[in-house]
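For reference, start.txt is printed below; it contains compact mmCIF, C-alpha atoms and all ligand atoms.
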```txt
# COMPACT_ATOMS: atom_id res chain seq x y z
CA MET V 1 -25.84 -16.33 -5.96
CA ILE V 2 -23.75 -14.77 -8.73
CA ARG V 3 -20.87 -12.37 -8.12
CA LYS V 4 -18.91 -10.15 -10.48
CA MET V 5 -15.14 -10.06 -10.19
CA ALA V 6 -12.46 -8.15 -12.10
CA TRP V 7 -9.89 -10.12 -14.11
CA VAL V 8 -6.94 -8.75 -16.04
CA GLU V 9 -7.44 -10.63 -19.31
CA SER V 10 -4.39 -9.04 -20.94
CA ALA V 11 -2.37 -5.83 -20.51
CA ARG V 12 -4.66 -2.81 -19.94
CA ASN V 13 -7.79 -4.91 -20.30
CA ILE V 14 -9.87 -5.66 -17.20
CA VAL V 15 -13.23 -7.42 -17.59
CA PHE V 16 -15.74 -8.38 -14.92
CA ARG V 17 -16.41 -12.13 -14.97
CA GLU V 18 -19.55 -13.54 -13.37
CA SER V 19 -19.34 -16.69 -11.29
CA GLU V 20 -21.31 -18.65 -8.69
CA LEU V 21 -20.46 -17.49 -5.18
CA PRO V 22 -18.92 -20.42 -3.23
CA SER V 23 -20.87 -21.46 -0.10
CA LEU V 24 -19.54 -20.04 3.18
CA LYS V 25 -17.34 -22.23 5.38
CA GLU V 26 -18.09 -22.06 9.10
CA ASN V 27 -15.24 -19.64 9.90
CA GLU V 28 -15.92 -17.36 6.93
CA ILE V 29 -17.70 -14.06 6.37
CA LEU V 30 -19.39 -12.82 3.23
CA ILE V 31 -18.65 -9.14 2.65
CA LYS V 32 -20.89 -7.01 0.44
CA THR V 33 -18.25 -4.65 -0.93
CA GLU V 34 -18.69 -0.92 -0.42
CA TYR V 35 -15.40 0.32 -1.89
CA SER V 36 -12.34 -1.22 -3.51
CA ALA V 37 -9.27 1.01 -3.84
CA VAL V 38 -6.84 1.14 -6.75
CA CYS V 39 -3.29 0.43 -5.52
CA GLY V 40 0.08 1.16 -7.15
CA SER V 41 0.93 -2.54 -6.95
CA ASP V 42 -2.25 -3.32 -8.97
CA LEU V 43 -0.77 -1.22 -11.79
CA HIS V 44 2.01 -3.77 -12.43
CA LEU V 45 -0.63 -6.44 -12.88
CA TYR V 46 -2.87 -4.17 -14.97
CA LEU V 47 0.07 -3.71 -17.38
CA ASP V 48 0.84 -7.45 -17.12
CA LEU V 49 4.32 -6.57 -15.78
CA HIS V 50 3.83 -8.00 -12.27
CA PRO V 51 7.01 -9.77 -11.08
CA TYR V 52 5.12 -12.85 -9.77
CA VAL V 53 1.70 -12.92 -11.47
CA LYS V 54 0.78 -13.15 -15.16
CA ALA V 55 -2.56 -12.39 -16.89
CA PRO V 56 -5.22 -13.69 -16.88
CA SER V 57 -5.47 -13.02 -13.17
CA ALA V 58 -7.90 -11.73 -10.60
CA ILE V 59 -6.88 -8.29 -9.35
CA GLY V 60 -7.34 -6.01 -6.34
CA HIS V 61 -6.67 -6.32 -2.62
CA GLU V 62 -7.93 -3.18 -0.87
CA LEU V 63 -11.59 -3.26 0.09
CA SER V 64 -14.22 -2.51 2.67
CA GLY V 65 -17.81 -3.64 3.03
CA TYR V 66 -20.56 -4.83 5.33
CA ALA V 67 -20.86 -8.41 6.56
CA ALA V 68 -23.80 -9.84 4.59
CA ALA V 69 -23.62 -13.36 6.06
CA VAL V 70 -21.46 -15.15 8.62
CA GLY V 71 -20.57 -18.83 8.93
CA SER V 72 -21.87 -20.89 11.86
CA GLY V 73 -18.47 -20.81 13.63
CA VAL V 74 -17.95 -17.05 13.42
CA LYS V 75 -17.69 -15.59 16.92
CA LYS V 76 -17.20 -11.82 16.90
CA ILE V 77 -18.43 -10.43 13.59
CA LYS V 78 -22.18 -9.89 13.12
CA VAL V 79 -24.19 -9.33 9.96
CA GLY V 80 -24.15 -5.59 9.24
CA ASP V 81 -20.67 -4.92 10.71
CA LEU V 82 -18.34 -2.76 8.64
CA ILE V 83 -15.22 -4.75 7.73
CA ALA V 84 -11.77 -3.98 6.30
CA ALA V 85 -10.35 -7.10 4.68
CA GLU V 86 -6.74 -8.12 5.27
CA PRO V 87 -6.19 -9.97 1.98
CA ILE V 88 -3.19 -12.11 3.00
CA LEU V 89 -3.09 -15.92 3.00
CA VAL V 90 -0.68 -17.76 5.33
CA CYS V 91 -0.24 -21.36 6.47
CA GLY V 92 -0.27 -20.73 10.25
CA ASP V 93 2.15 -23.64 10.84
CA CYS V 94 5.61 -22.69 9.56
CA ASP V 95 8.33 -21.22 11.81
CA TYR V 96 7.59 -17.67 10.69
CA CYS V 97 3.86 -18.00 11.30
CA LEU V 98 4.46 -19.55 14.71
CA ARG V 99 6.83 -16.72 15.62
CA GLY V 100 4.18 -14.19 14.68
CA ASP V 101 5.96 -12.99 11.53
CA TYR V 102 3.08 -14.20 9.39
CA HIS V 103 3.91 -11.87 6.47
CA MET V 104 7.08 -13.98 6.03
CA CYS V 105 5.12 -17.26 5.93
CA ASN V 106 6.89 -19.86 3.77
CA THR V 107 3.78 -20.11 1.60
CA VAL V 108 2.55 -16.52 1.93
CA SER V 109 0.12 -15.44 -0.74
CA TYR V 110 -2.66 -12.94 -1.32
CA GLN V 111 -6.30 -13.55 -2.14
CA TYR V 112 -6.10 -12.17 -5.69
CA ARG V 113 -3.29 -14.61 -6.54
CA LYS V 114 -5.60 -17.48 -5.58
CA GLY V 115 -8.49 -16.26 -7.70
CA GLN V 116 -10.34 -13.89 -5.36
CA GLY V 117 -9.62 -10.31 -6.39
CA GLY V 118 -10.65 -7.25 -4.42
CA TYR V 119 -12.64 -5.66 -7.26
CA THR V 120 -15.77 -7.64 -6.67
CA ASP V 121 -19.24 -7.03 -5.28
CA TYR V 122 -18.98 -9.96 -2.83
CA PHE V 123 -15.79 -11.06 -1.06
CA ILE V 124 -15.34 -14.06 1.23
CA ILE V 125 -12.85 -13.91 4.07
CA GLU V 126 -11.96 -15.90 7.19
CA GLU V 127 -12.98 -14.17 10.40
CA ARG V 128 -9.35 -13.76 11.54
CA TRP V 129 -8.65 -11.50 8.53
CA ALA V 130 -11.87 -9.50 8.84
CA HIS V 131 -11.19 -6.32 10.81
CA GLN V 132 -14.26 -4.90 12.46
CA MET V 133 -14.49 -1.10 12.20
CA PRO V 134 -15.20 1.11 15.19
CA LYS V 135 -18.22 3.42 14.80
CA ASN V 136 -16.31 6.52 13.68
CA ILE V 137 -14.49 4.88 10.74
CA SER V 138 -16.28 5.27 7.39
CA PRO V 139 -16.46 2.68 4.56
CA LYS V 140 -14.16 4.91 2.46
CA GLU V 141 -11.56 5.07 5.22
CA ALA V 142 -11.88 1.34 5.82
CA ALA V 143 -10.95 0.69 2.17
CA LEU V 144 -7.64 2.52 2.75
CA ILE V 145 -6.55 0.65 5.86
CA GLU V 146 -4.58 -1.83 3.76
CA PRO V 147 -2.29 0.81 2.16
CA LEU V 148 -2.00 2.66 5.49
CA SER V 149 -0.83 -0.64 7.03
CA VAL V 150 1.85 -0.96 4.33
CA ALA V 151 3.06 2.54 5.25
CA VAL V 152 2.94 1.81 9.00
CA HIS V 153 4.96 -1.38 8.46
CA GLY V 154 7.64 0.42 6.42
CA VAL V 155 7.93 3.31 8.87
CA GLU V 156 8.28 0.84 11.76
CA LYS V 157 11.13 -0.88 9.84
CA ALA V 158 12.99 2.44 9.74
CA GLY V 159 13.20 2.45 13.55
CA GLY V 160 13.35 5.54 15.78
CA MET V 161 12.62 8.83 14.02
CA LEU V 162 12.45 11.43 16.75
CA GLY V 163 14.40 14.44 15.55
CA LYS V 164 15.67 12.70 12.42
CA THR V 165 15.67 13.81 8.79
CA VAL V 166 13.81 11.57 6.35
CA THR V 167 13.33 11.48 2.58
CA VAL V 168 10.40 9.55 1.12
CA MET V 169 10.79 8.79 -2.58
CA GLY V 170 7.53 8.72 -4.54
CA ALA V 171 4.35 10.74 -3.85
CA GLY V 172 1.80 8.07 -4.67
CA THR V 173 -0.62 7.07 -1.91
CA ILE V 174 1.89 4.81 -0.14
CA GLY V 175 4.60 7.48 -0.28
CA VAL V 176 2.32 10.19 1.09
CA LEU V 177 0.92 7.95 3.84
CA THR V 178 4.52 7.02 4.69
CA ALA V 179 5.56 10.68 4.88
CA ALA V 180 2.56 11.40 7.13
CA MET V 181 3.53 8.53 9.44
CA CYS V 182 7.16 9.77 9.60
CA ARG V 183 5.86 13.13 10.82
CA GLU V 184 3.59 11.30 13.26
CA LYS V 185 6.63 9.44 14.57
CA GLY V 186 8.52 12.63 15.34
CA ALA V 187 10.82 13.11 12.33
CA ALA V 188 12.27 16.63 12.45
CA LYS V 189 12.06 17.14 8.70
CA VAL V 190 10.51 15.01 5.95
CA TRP V 191 11.03 15.55 2.22
CA ILE V 192 9.02 13.76 -0.42
CA THR V 193 10.14 13.44 -4.04
CA ASP V 194 8.20 12.86 -7.26
CA LEU V 195 8.01 14.02 -10.88
CA ASN V 196 4.38 15.15 -10.70
CA ASP V 197 3.93 18.65 -9.26
CA HIS V 198 0.25 18.23 -8.56
CA ARG V 199 0.89 15.12 -6.47
CA LEU V 200 3.70 16.89 -4.63
CA ARG V 201 1.42 19.78 -3.69
CA MET V 202 -1.21 17.29 -2.48
CA ALA V 203 1.51 15.41 -0.59
CA GLU V 204 2.57 18.61 1.18
CA THR V 205 -0.98 19.35 2.28
CA LEU V 206 -1.77 15.79 3.33
CA SER V 207 1.47 14.83 5.06
CA GLY V 208 3.20 18.06 6.05
CA ALA V 209 6.34 16.91 4.17
CA ILE V 210 8.32 19.23 1.86
CA GLY V 211 7.82 18.33 -1.82
CA LEU V 212 10.83 18.16 -4.15
CA ASN V 213 10.31 17.72 -7.88
CA ALA V 214 13.12 15.54 -9.27
CA LYS V 215 12.38 16.91 -12.75
CA GLU V 216 13.27 20.42 -11.64
CA LEU V 217 16.18 19.92 -9.26
CA ASP V 218 18.89 17.49 -8.21
CA VAL V 219 17.22 15.90 -5.18
CA ALA V 220 20.48 14.50 -3.74
CA GLU V 221 22.20 17.91 -3.96
CA LYS V 222 19.20 19.62 -2.37
CA ILE V 223 19.01 17.17 0.55
CA LYS V 224 22.76 17.44 1.15
CA GLU V 225 22.48 21.22 1.11
CA GLU V 226 19.63 21.06 3.65
CA THR V 227 21.56 18.71 5.95
CA GLY V 228 24.91 20.50 6.08
CA GLY V 229 26.40 18.22 3.41
CA ALA V 230 25.79 14.98 5.34
CA GLY V 231 22.64 13.59 3.68
CA CYS V 232 19.49 12.57 5.53
CA ASP V 233 19.29 9.98 8.31
CA ILE V 234 16.63 7.79 6.69
CA VAL V 235 15.34 7.21 3.15
CA ILE V 236 12.13 5.30 2.47
CA GLU V 237 12.00 4.30 -1.20
CA CYS V 238 8.43 3.88 -2.47
CA THR V 239 8.83 3.93 -6.27
CA GLY V 240 10.62 0.64 -7.04
CA THR V 241 12.57 2.30 -9.85
CA GLU V 242 16.31 1.71 -10.23
CA ARG V 243 16.87 5.45 -10.58
CA CYS V 244 15.34 6.18 -7.17
CA ALA V 245 16.87 3.14 -5.46
CA ALA V 246 20.31 4.28 -6.68
CA GLN V 247 19.65 7.87 -5.69
CA ALA V 248 18.66 6.74 -2.19
CA LEU V 249 22.26 5.49 -1.71
CA ASP V 250 23.45 8.95 -2.63
CA LEU V 251 21.19 11.08 -0.47
CA VAL V 252 21.33 9.01 2.73
CA ARG V 253 24.11 9.93 5.16
CA LYS V 254 26.94 7.55 6.14
CA LEU V 255 25.60 4.84 8.51
CA GLY V 256 22.08 5.88 7.48
CA ILE V 257 19.07 3.65 6.93
CA ILE V 258 17.26 2.92 3.67
CA VAL V 259 13.92 1.11 3.70
CA GLN V 260 13.00 -0.36 0.30
CA MET V 261 9.21 -0.46 -0.07
CA GLY V 262 8.72 0.09 -3.80
CA ILE V 263 8.42 -3.09 -5.86
CA SER V 264 10.46 -3.27 -9.04
CA ALA V 265 8.92 -4.77 -12.16
CA LYS V 266 12.40 -5.67 -13.50
CA PRO V 267 15.89 -6.42 -12.12
CA PHE V 268 18.27 -3.48 -11.60
CA LYS V 269 21.18 -3.22 -14.09
CA ASP V 270 23.47 -0.50 -12.78
CA TYR V 271 22.60 -0.38 -9.08
CA PRO V 272 25.73 1.01 -7.37
CA TYR V 273 25.70 -1.45 -4.46
CA SER V 274 29.32 -0.65 -3.51
CA ARG V 275 28.00 2.53 -1.89
CA ILE V 276 26.19 0.36 0.67
CA LEU V 277 29.51 -0.82 2.06
CA ALA V 278 31.40 2.42 1.47
CA LYS V 279 28.90 4.32 3.64
CA GLU V 280 27.92 1.35 5.83
CA ILE V 281 24.30 1.93 4.90
CA ILE V 282 21.69 -0.24 6.57
CA LEU V 283 19.37 -1.44 3.83
CA LYS V 284 16.06 -2.98 4.91
CA GLY V 285 13.17 -4.41 2.95
CA SER V 286 9.56 -3.85 3.90
CA GLN V 287 6.99 -6.32 2.67
CA GLY V 288 3.26 -5.89 3.27
CA TYR V 289 2.08 -5.86 6.88
CA CYS V 290 1.99 -7.96 9.99
CA PHE V 291 -0.32 -6.93 12.86
CA ASP V 292 -0.32 -3.45 11.30
CA PHE V 293 -4.08 -3.23 10.56
CA GLU V 294 -4.68 -2.88 14.30
CA LYS V 295 -2.25 0.07 14.51
CA SER V 296 -3.81 1.71 11.43
CA ILE V 297 -7.29 1.39 12.88
CA SER V 298 -6.32 2.98 16.18
CA LEU V 299 -4.52 5.84 14.37
CA ILE V 300 -7.62 6.59 12.25
CA GLN V 301 -9.96 6.19 15.20
CA ALA V 302 -7.90 8.68 17.21
CA GLY V 303 -7.99 11.18 14.33
CA ARG V 304 -4.21 11.04 13.77
CA ILE V 305 -4.73 10.58 10.02
CA LYS V 306 -7.62 11.65 7.78
CA LEU V 307 -7.81 9.03 5.04
CA GLU V 308 -10.84 10.47 3.25
CA GLU V 309 -8.68 13.44 2.22
CA TYR V 310 -6.54 11.06 0.13
CA ILE V 311 -9.50 10.03 -2.04
CA THR V 312 -9.72 12.15 -5.19
CA ASP V 313 -11.78 9.95 -7.54
CA VAL V 314 -14.61 7.42 -7.34
CA PHE V 315 -15.48 5.26 -10.38
CA PRO V 316 -18.30 2.76 -10.90
CA TYR V 317 -16.95 -0.75 -11.63
CA THR V 318 -18.04 -0.44 -15.27
CA ARG V 319 -15.32 2.22 -15.70
CA ILE V 320 -12.49 0.34 -13.98
CA ASN V 321 -10.11 0.52 -16.97
CA GLU V 322 -10.59 4.30 -17.02
CA ALA V 323 -9.82 4.39 -13.29
CA PHE V 324 -6.49 2.62 -13.90
CA GLU V 325 -5.59 4.90 -16.82
CA THR V 326 -6.40 7.94 -14.65
CA VAL V 327 -4.18 6.73 -11.78
CA MET V 328 -1.33 5.91 -14.18
CA ALA V 329 -1.24 9.11 -16.25
CA PRO V 330 2.15 10.84 -15.65
CA ASP V 331 0.48 14.22 -14.96
CA THR V 332 -2.45 12.71 -13.03
CA LYS V 333 -4.31 14.77 -10.46
CA CYS V 334 -5.52 11.56 -8.83
CA MET V 335 -4.14 10.42 -5.46
CA LYS V 336 -6.43 7.53 -4.51
CA ALA V 337 -9.25 6.18 -6.68
CA LEU V 338 -12.10 4.02 -5.37
CA ILE V 339 -14.35 1.61 -7.26
CA THR V 340 -18.04 1.09 -6.41
CA TYR V 341 -20.51 -1.62 -7.44
ZN ZN H 1 -2.27 -2.10 -1.80
ZN ZN H 2 3.33 -20.01 7.47
```

I need this file expressed as structure tokens, please.
Ligand SMILES: [Zn+2]
Ligand SMILES: [Zn+2]
Amino acid sequence: MIRKMAWVESARNIVFRESELPSLKENEILIKTEYSAVCGSDLHLYLDLHPYVKAPSAIGHELSGYAAAVGSGVKKIKVGDLIAAEPILVCGDCDYCLRGDYHMCNTVSYQYRKGQGGYTDYFIIEERWAHQMPKNISPKEAALIEPLSVAVHGVEKAGGMLGKTVTVMGAGTIGVLTAAMCREKGAAKVWITDLNDHRLRMAETLSGAIGLNAKELDVAEKIKEETGGAGCDIVIECTGTERCAAQALDLVRKLGIIVQMGISAKPFKDYPYSRILAKEIILKGSQGYCFDFEKSISLIQAGRIKLEEYITDVFPYTRINEAFETVMAPDTKCMKALITY
């Protein structure tokens, strides 16, 4: 059987390569993809600016689909089940894996880095990474469980939020999901910053956060004004830009918490790190997810978050380059784009 899979051949140039589908191992499941979602972290690779991966490379890591075949050793999943794929690869034997912190595995990787990208009509995954969807979760929602899990992980890193003030920097899908989860967790007030007004308006509707356009006002001044001069309790940085990472140090209060979720394509040059000590800021990183798919699934199932509302565009795989250009445009009206086969 032949499958088609997206490869970034060079910057801004994705082509679908055809290859023979490997035969299923006994613990593996063959997924017939329904939807793959375009992620902000795919954009680095699309532009060939990814910090760890260079073109040519397979691309994509957010997908849902139905089990088309299961290996002889597969226990729970049946042919026809709707699956959300957790695209991580871990050893299972190192200290971190054994402690349950599998996202910190000494040899952690992701499927696309090992040649199996998420933009493909057939995806093979071990049963342990195949999350079975309850009846009331749709294939579109299932494709967004991966980014929701990233947001859940980051918000958990920030700790208790009841009654606290939070600023989320960046109104892409991860930022908006993060803002929604902060509200869910009891934050008193959540602001979300971006340069794109359309995204900010969408963010307000989707997450209930207050949008602030950094092009139009000084975000740090505004947050200080809103918090009696102190700054907010928590900042979750979802852009990965030096400008926002530096600004986070400014708008968080003394002894406040910053969670860094955005990935930077290049090293920071003028990052004012002395402010971390001057204000005794607690700076935390948030990387991927670890037992967060389960939390995401129960949140969707309980109706706490409506993921379909985040989907603004659906492209056939033949127009994948256009999908990326649409997501990337500075004045884009796109929040989340899906690819179909
Ligand atoms: Zn993603
Ligand atoms: Zn490991």

Distance table requested - chain V against ligand ZN 1 (chain H), cut-off 7 Å, all atoms listed in the file: one row per qualifying residue with the closest atom pair and its distance in Å to one decimal, ordered by chain and rising residue number, as JSON lines.
```
{"residue": "V:Cys39", "atom": "CA", "partner": "H:ZN1", "partner_atom": "ZN", "distance": 4.6}
{"residue": "V:Gly40", "atom": "CA", "partner": "H:ZN1", "partner_atom": "ZN", "distance": 6.7}
{"residue": "V:Ser41", "atom": "CA", "partner": "H:ZN1", "partner_atom": "ZN", "distance": 6.1}
{"residue": "V:His61", "atom": "CA", "partner": "H:ZN1", "partner_atom": "ZN", "distance": 6.2}
{"residue": "V:Glu62", "atom": "CA", "partner": "H:ZN1", "partner_atom": "ZN", "distance": 5.8}
{"residue": "V:Glu146", "atom": "CA", "partner": "H:ZN1", "partner_atom": "ZN", "distance": 6.0}
{"residue": "V:Pro147", "atom": "CA", "partner": "H:ZN1", "partner_atom": "ZN", "distance": 4.9}
```

Subject >> CA of Val259 (chain V) to CA of Gly208 (chain V), straight-line distance in Å >> reply: 20.2 Å

Each chain V residue no farther than 7 Å from ligand ZN 2 (chain H), nearest pair in Å, only C-alpha atoms and all ligand atoms, as CSV:
```
residue,atom,partner,partner_atom,distance
V:Val90,CA,H:ZN2,ZN,5.1
V:Cys91,CA,H:ZN2,ZN,3.9
V:Gly92,CA,H:ZN2,ZN,4.6
V:Asp93,CA,H:ZN2,ZN,5.1
V:Cys94,CA,H:ZN2,ZN,4.1
V:Asp95,CA,H:ZN2,ZN,6.7
V:Tyr96,CA,H:ZN2,ZN,5.8
V:Cys97,CA,H:ZN2,ZN,4.4
V:Tyr102,CA,H:ZN2,ZN,6.1
V:Cys105,CA,H:ZN2,ZN,3.6
V:Asn106,CA,H:ZN2,ZN,5.1
V:Thr107,CA,H:ZN2,ZN,5.9
V:Val108,CA,H:ZN2,ZN,6.6
```

Original post:
In terms of the shortest atom-to-atom distance over all atoms listed in the file, which of V:Thr239, V:Asn13, V:Gln287, V:Ser36 is closest to Ala337 (chain V)?
Top reply: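 Looking at the shortest contact to Ala337 (chain V), the residue is V:Ser36.
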
Residue contacts of Ile258 (chain V) (6 Å, all atoms listed in the file) excluding same-chain residues fewer than 6 positions away, as an mmCIF file with C-alpha atoms, in the frame of the given file:
```
data_model
loop_
_atom_site.group_PDB
_atom_site.id
_atom_site.type_symbol
_atom_site.label_atom_id
_atom_site.label_comp_id
_atom_site.auth_asym_id
_atom_site.auth_seq_id
_atom_site.Cartn_x
_atom_site.Cartn_y
_atom_site.Cartn_z
ATOM 1 C CA ILE V 234 16.630 7.790 6.690
ATOM 2 C CA VAL V 235 15.340 7.210 3.150
ATOM 3 C CA ILE V 236 12.130 5.300 2.470
ATOM 4 C CA LEU V 283 19.370 -1.440 3.830
#
```

Subject >> Top pick for closest residue to Leu82 (chain V), considering V:Arg128, V:Lys254, V:His50, V:Lys135 and counting all atoms listed in the file >> reply: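 Comparing V:Arg128, V:Lys254, V:His50, V:Lys135 against Leu82 (chain V), the winner is V:Lys135.
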
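Of the residues listed (V:Leu144, V:Met328, V:Leu200, V:Ile192), V:Leu144 shows the shortest atom-to-atom separation from Tyr35 (chain V); distances use only C-alpha atoms.
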
Can you tell me, as a compact mmCIF listing (two decimals) with C-alpha atoms, in the frame of the given file, what residues are no more than 10 Å from region 174-181 of chain V when counting only C-alpha atoms, ignoring any on the same chain fewer than 5 positions away?
```txt
# COMPACT_ATOMS: atom_id res chain seq x y z
CA CYS V 39 -3.29 0.43 -5.52
CA GLY V 40 0.08 1.16 -7.15
CA PRO V 147 -2.29 0.81 2.16
CA LEU V 148 -2.00 2.66 5.49
CA SER V 149 -0.83 -0.64 7.03
CA VAL V 150 1.85 -0.96 4.33
CA ALA V 151 3.06 2.54 5.25
CA VAL V 152 2.94 1.81 9.00
CA HIS V 153 4.96 -1.38 8.46
CA GLY V 154 7.64 0.42 6.42
CA VAL V 155 7.93 3.31 8.87
CA GLU V 156 8.28 0.84 11.76
CA VAL V 166 13.81 11.57 6.35
CA THR V 167 13.33 11.48 2.58
CA VAL V 168 10.40 9.55 1.12
CA MET V 169 10.79 8.79 -2.58
CA GLY V 186 8.52 12.63 15.34
CA ALA V 187 10.82 13.11 12.33
CA LYS V 189 12.06 17.14 8.70
CA VAL V 190 10.51 15.01 5.95
CA TRP V 191 11.03 15.55 2.22
CA ILE V 192 9.02 13.76 -0.42
CA THR V 193 10.14 13.44 -4.04
CA ASP V 194 8.20 12.86 -7.26
CA ARG V 199 0.89 15.12 -6.47
CA LEU V 200 3.70 16.89 -4.63
CA MET V 202 -1.21 17.29 -2.48
CA ALA V 203 1.51 15.41 -0.59
CA GLU V 204 2.57 18.61 1.18
CA THR V 205 -0.98 19.35 2.28
CA LEU V 206 -1.77 15.79 3.33
CA SER V 207 1.47 14.83 5.06
CA GLY V 208 3.20 18.06 6.05
CA ALA V 209 6.34 16.91 4.17
CA ILE V 210 8.32 19.23 1.86
CA ILE V 236 12.13 5.30 2.47
CA GLU V 237 12.00 4.30 -1.20
CA CYS V 238 8.43 3.88 -2.47
CA THR V 239 8.83 3.93 -6.27
CA MET V 261 9.21 -0.46 -0.07
CA GLY V 262 8.72 0.09 -3.80
CA LEU V 299 -4.52 5.84 14.37
CA ARG V 304 -4.21 11.04 13.77
CA ILE V 305 -4.73 10.58 10.02
CA LEU V 307 -7.81 9.03 5.04
CA TYR V 310 -6.54 11.06 0.13
CA MET V 335 -4.14 10.42 -5.46
CA LYS V 336 -6.43 7.53 -4.51
```

Original post:
Can you tell me, as a list in words, which residues sit within 12 Å of (-4.1, -0.3, -18.8) in the file's frame, using all atoms listed in the file?
Top reply: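 Final list of nearby residues, as requested, is Val8, Glu9, Ser10, Ala11, Arg12, Asn13, Ile14, Val15, Asp42, Leu43, His44, Leu45, Tyr46, Leu47, Asp48, Leu49, Arg319, Ile320, Asn321, Glu322, Ala323, Phe324, Glu325, Thr326, Val327, Met328 and Ala329 of chain V.
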
Original post:
Using only C-alpha atoms, which of V:Ile257, V:Ala220, V:Ala171, V:Ala67 sits nearest Gln132 (chain V)?
Top reply: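 Nearest to Gln132 (chain V): V:Ala67.
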
Original post:
Val79 (chain V): which residues within 12 Å, counting only C-alpha atoms, same-chain residues fewer than 6 positions away excluded, as a list in words?
Top reply: Glu28, Ile29, Leu30, Ile31, Lys32, Gly65, Tyr66, Ala67, Ala68, Ala69, Val70, Gly71, Ser72 and Gln132 of chain V

Please dump the current selection as a compact mmCIF listing (two decimals), in the frame of the given file; keep C-alpha atoms.
```txt
# COMPACT_ATOMS: atom_id res chain seq x y z
CA GLU V 28 -15.92 -17.36 6.93
CA ILE V 29 -17.70 -14.06 6.37
CA LEU V 30 -19.39 -12.82 3.23
CA ILE V 31 -18.65 -9.14 2.65
CA LYS V 32 -20.89 -7.01 0.44
CA GLY V 65 -17.81 -3.64 3.03
CA TYR V 66 -20.56 -4.83 5.33
CA ALA V 67 -20.86 -8.41 6.56
CA ALA V 68 -23.80 -9.84 4.59
CA ALA V 69 -23.62 -13.36 6.06
CA VAL V 70 -21.46 -15.15 8.62
CA GLY V 71 -20.57 -18.83 8.93
CA SER V 72 -21.87 -20.89 11.86
CA GLN V 132 -14.26 -4.90 12.46
```

Since the input lacks some atoms of region 162-176 of chain V, please model N, CA and C atoms and print them as a PDB file, in the coordinates of the input.
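The file below, result_2.pdb, is the result:
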```pdb
ATOM      1  N   LEU V 162      12.545  10.163  16.021  1.00  0.00           N
ATOM      2  CA  LEU V 162      12.450  11.430  16.750  1.00  0.00           C
ATOM      3  C   LEU V 162      13.644  12.318  16.427  1.00  0.00           C
ATOM      4  N   GLY V 163      13.351  13.480  15.864  1.00  0.00           N
ATOM      5  CA  GLY V 163      14.400  14.440  15.550  1.00  0.00           C
ATOM      6  C   GLY V 163      15.224  14.128  14.322  1.00  0.00           C
ATOM      7  N   LYS V 164      14.859  13.093  13.579  1.00  0.00           N
ATOM      8  CA  LYS V 164      15.670  12.700  12.420  1.00  0.00           C
ATOM      9  C   LYS V 164      15.182  13.334  11.126  1.00  0.00           C
ATOM     10  N   THR V 165      16.049  13.313  10.113  1.00  0.00           N
ATOM     11  CA  THR V 165      15.670  13.810   8.790  1.00  0.00           C
ATOM     12  C   THR V 165      15.376  12.615   7.891  1.00  0.00           C
ATOM     13  N   VAL V 166      14.273  12.708   7.149  1.00  0.00           N
ATOM     14  CA  VAL V 166      13.810  11.570   6.350  1.00  0.00           C
ATOM     15  C   VAL V 166      13.449  12.039   4.933  1.00  0.00           C
ATOM     16  N   THR V 167      13.811  11.244   3.942  1.00  0.00           N
ATOM     17  CA  THR V 167      13.330  11.480   2.580  1.00  0.00           C
ATOM     18  C   THR V 167      12.481  10.293   2.163  1.00  0.00           C
ATOM     19  N   VAL V 168      11.273  10.580   1.679  1.00  0.00           N
ATOM     20  CA  VAL V 168      10.400   9.550   1.120  1.00  0.00           C
ATOM     21  C   VAL V 168      10.415   9.735  -0.390  1.00  0.00           C
ATOM     22  N   MET V 169      10.724   8.675  -1.121  1.00  0.00           N
ATOM     23  CA  MET V 169      10.790   8.790  -2.580  1.00  0.00           C
ATOM     24  C   MET V 169       9.498   8.240  -3.187  1.00  0.00           C
ATOM     25  N   GLY V 170       8.784   9.109  -3.898  1.00  0.00           N
ATOM     26  CA  GLY V 170       7.530   8.720  -4.540  1.00  0.00           C
ATOM     27  C   GLY V 170       6.338   9.287  -3.793  1.00  0.00           C
ATOM     28  N   ALA V 171       5.513  10.099  -4.493  1.00  0.00           N
ATOM     29  CA  ALA V 171       4.350  10.740  -3.850  1.00  0.00           C
ATOM     30  C   ALA V 171       3.040  10.111  -4.323  1.00  0.00           C
ATOM     31  N   GLY V 172       3.057   8.804  -4.513  1.00  0.00           N
ATOM     32  CA  GLY V 172       1.800   8.070  -4.670  1.00  0.00           C
ATOM     33  C   GLY V 172       1.178   7.899  -3.283  1.00  0.00           C
ATOM     34  N   THR V 173       0.070   7.192  -3.200  1.00  0.00           N
ATOM     35  CA  THR V 173      -0.620   7.070  -1.910  1.00  0.00           C
ATOM     36  C   THR V 173       0.286   6.496  -0.831  1.00  0.00           C
ATOM     37  N   ILE V 174       1.026   5.430  -1.147  1.00  0.00           N
ATOM     38  CA  ILE V 174       1.890   4.810  -0.140  1.00  0.00           C
ATOM     39  C   ILE V 174       2.964   5.790   0.323  1.00  0.00           C
ATOM     40  N   GLY V 175       3.563   6.506  -0.621  1.00  0.00           N
ATOM     41  CA  GLY V 175       4.600   7.480  -0.280  1.00  0.00           C
ATOM     42  C   GLY V 175       4.050   8.568   0.639  1.00  0.00           C
ATOM     43  N   VAL V 176       2.873   9.083   0.300  1.00  0.00           N
ATOM     44  CA  VAL V 176       2.320  10.190   1.090  1.00  0.00           C
ATOM     45  C   VAL V 176       1.893   9.697   2.476  1.00  0.00           C
TER      46      VAL V 176
END
```
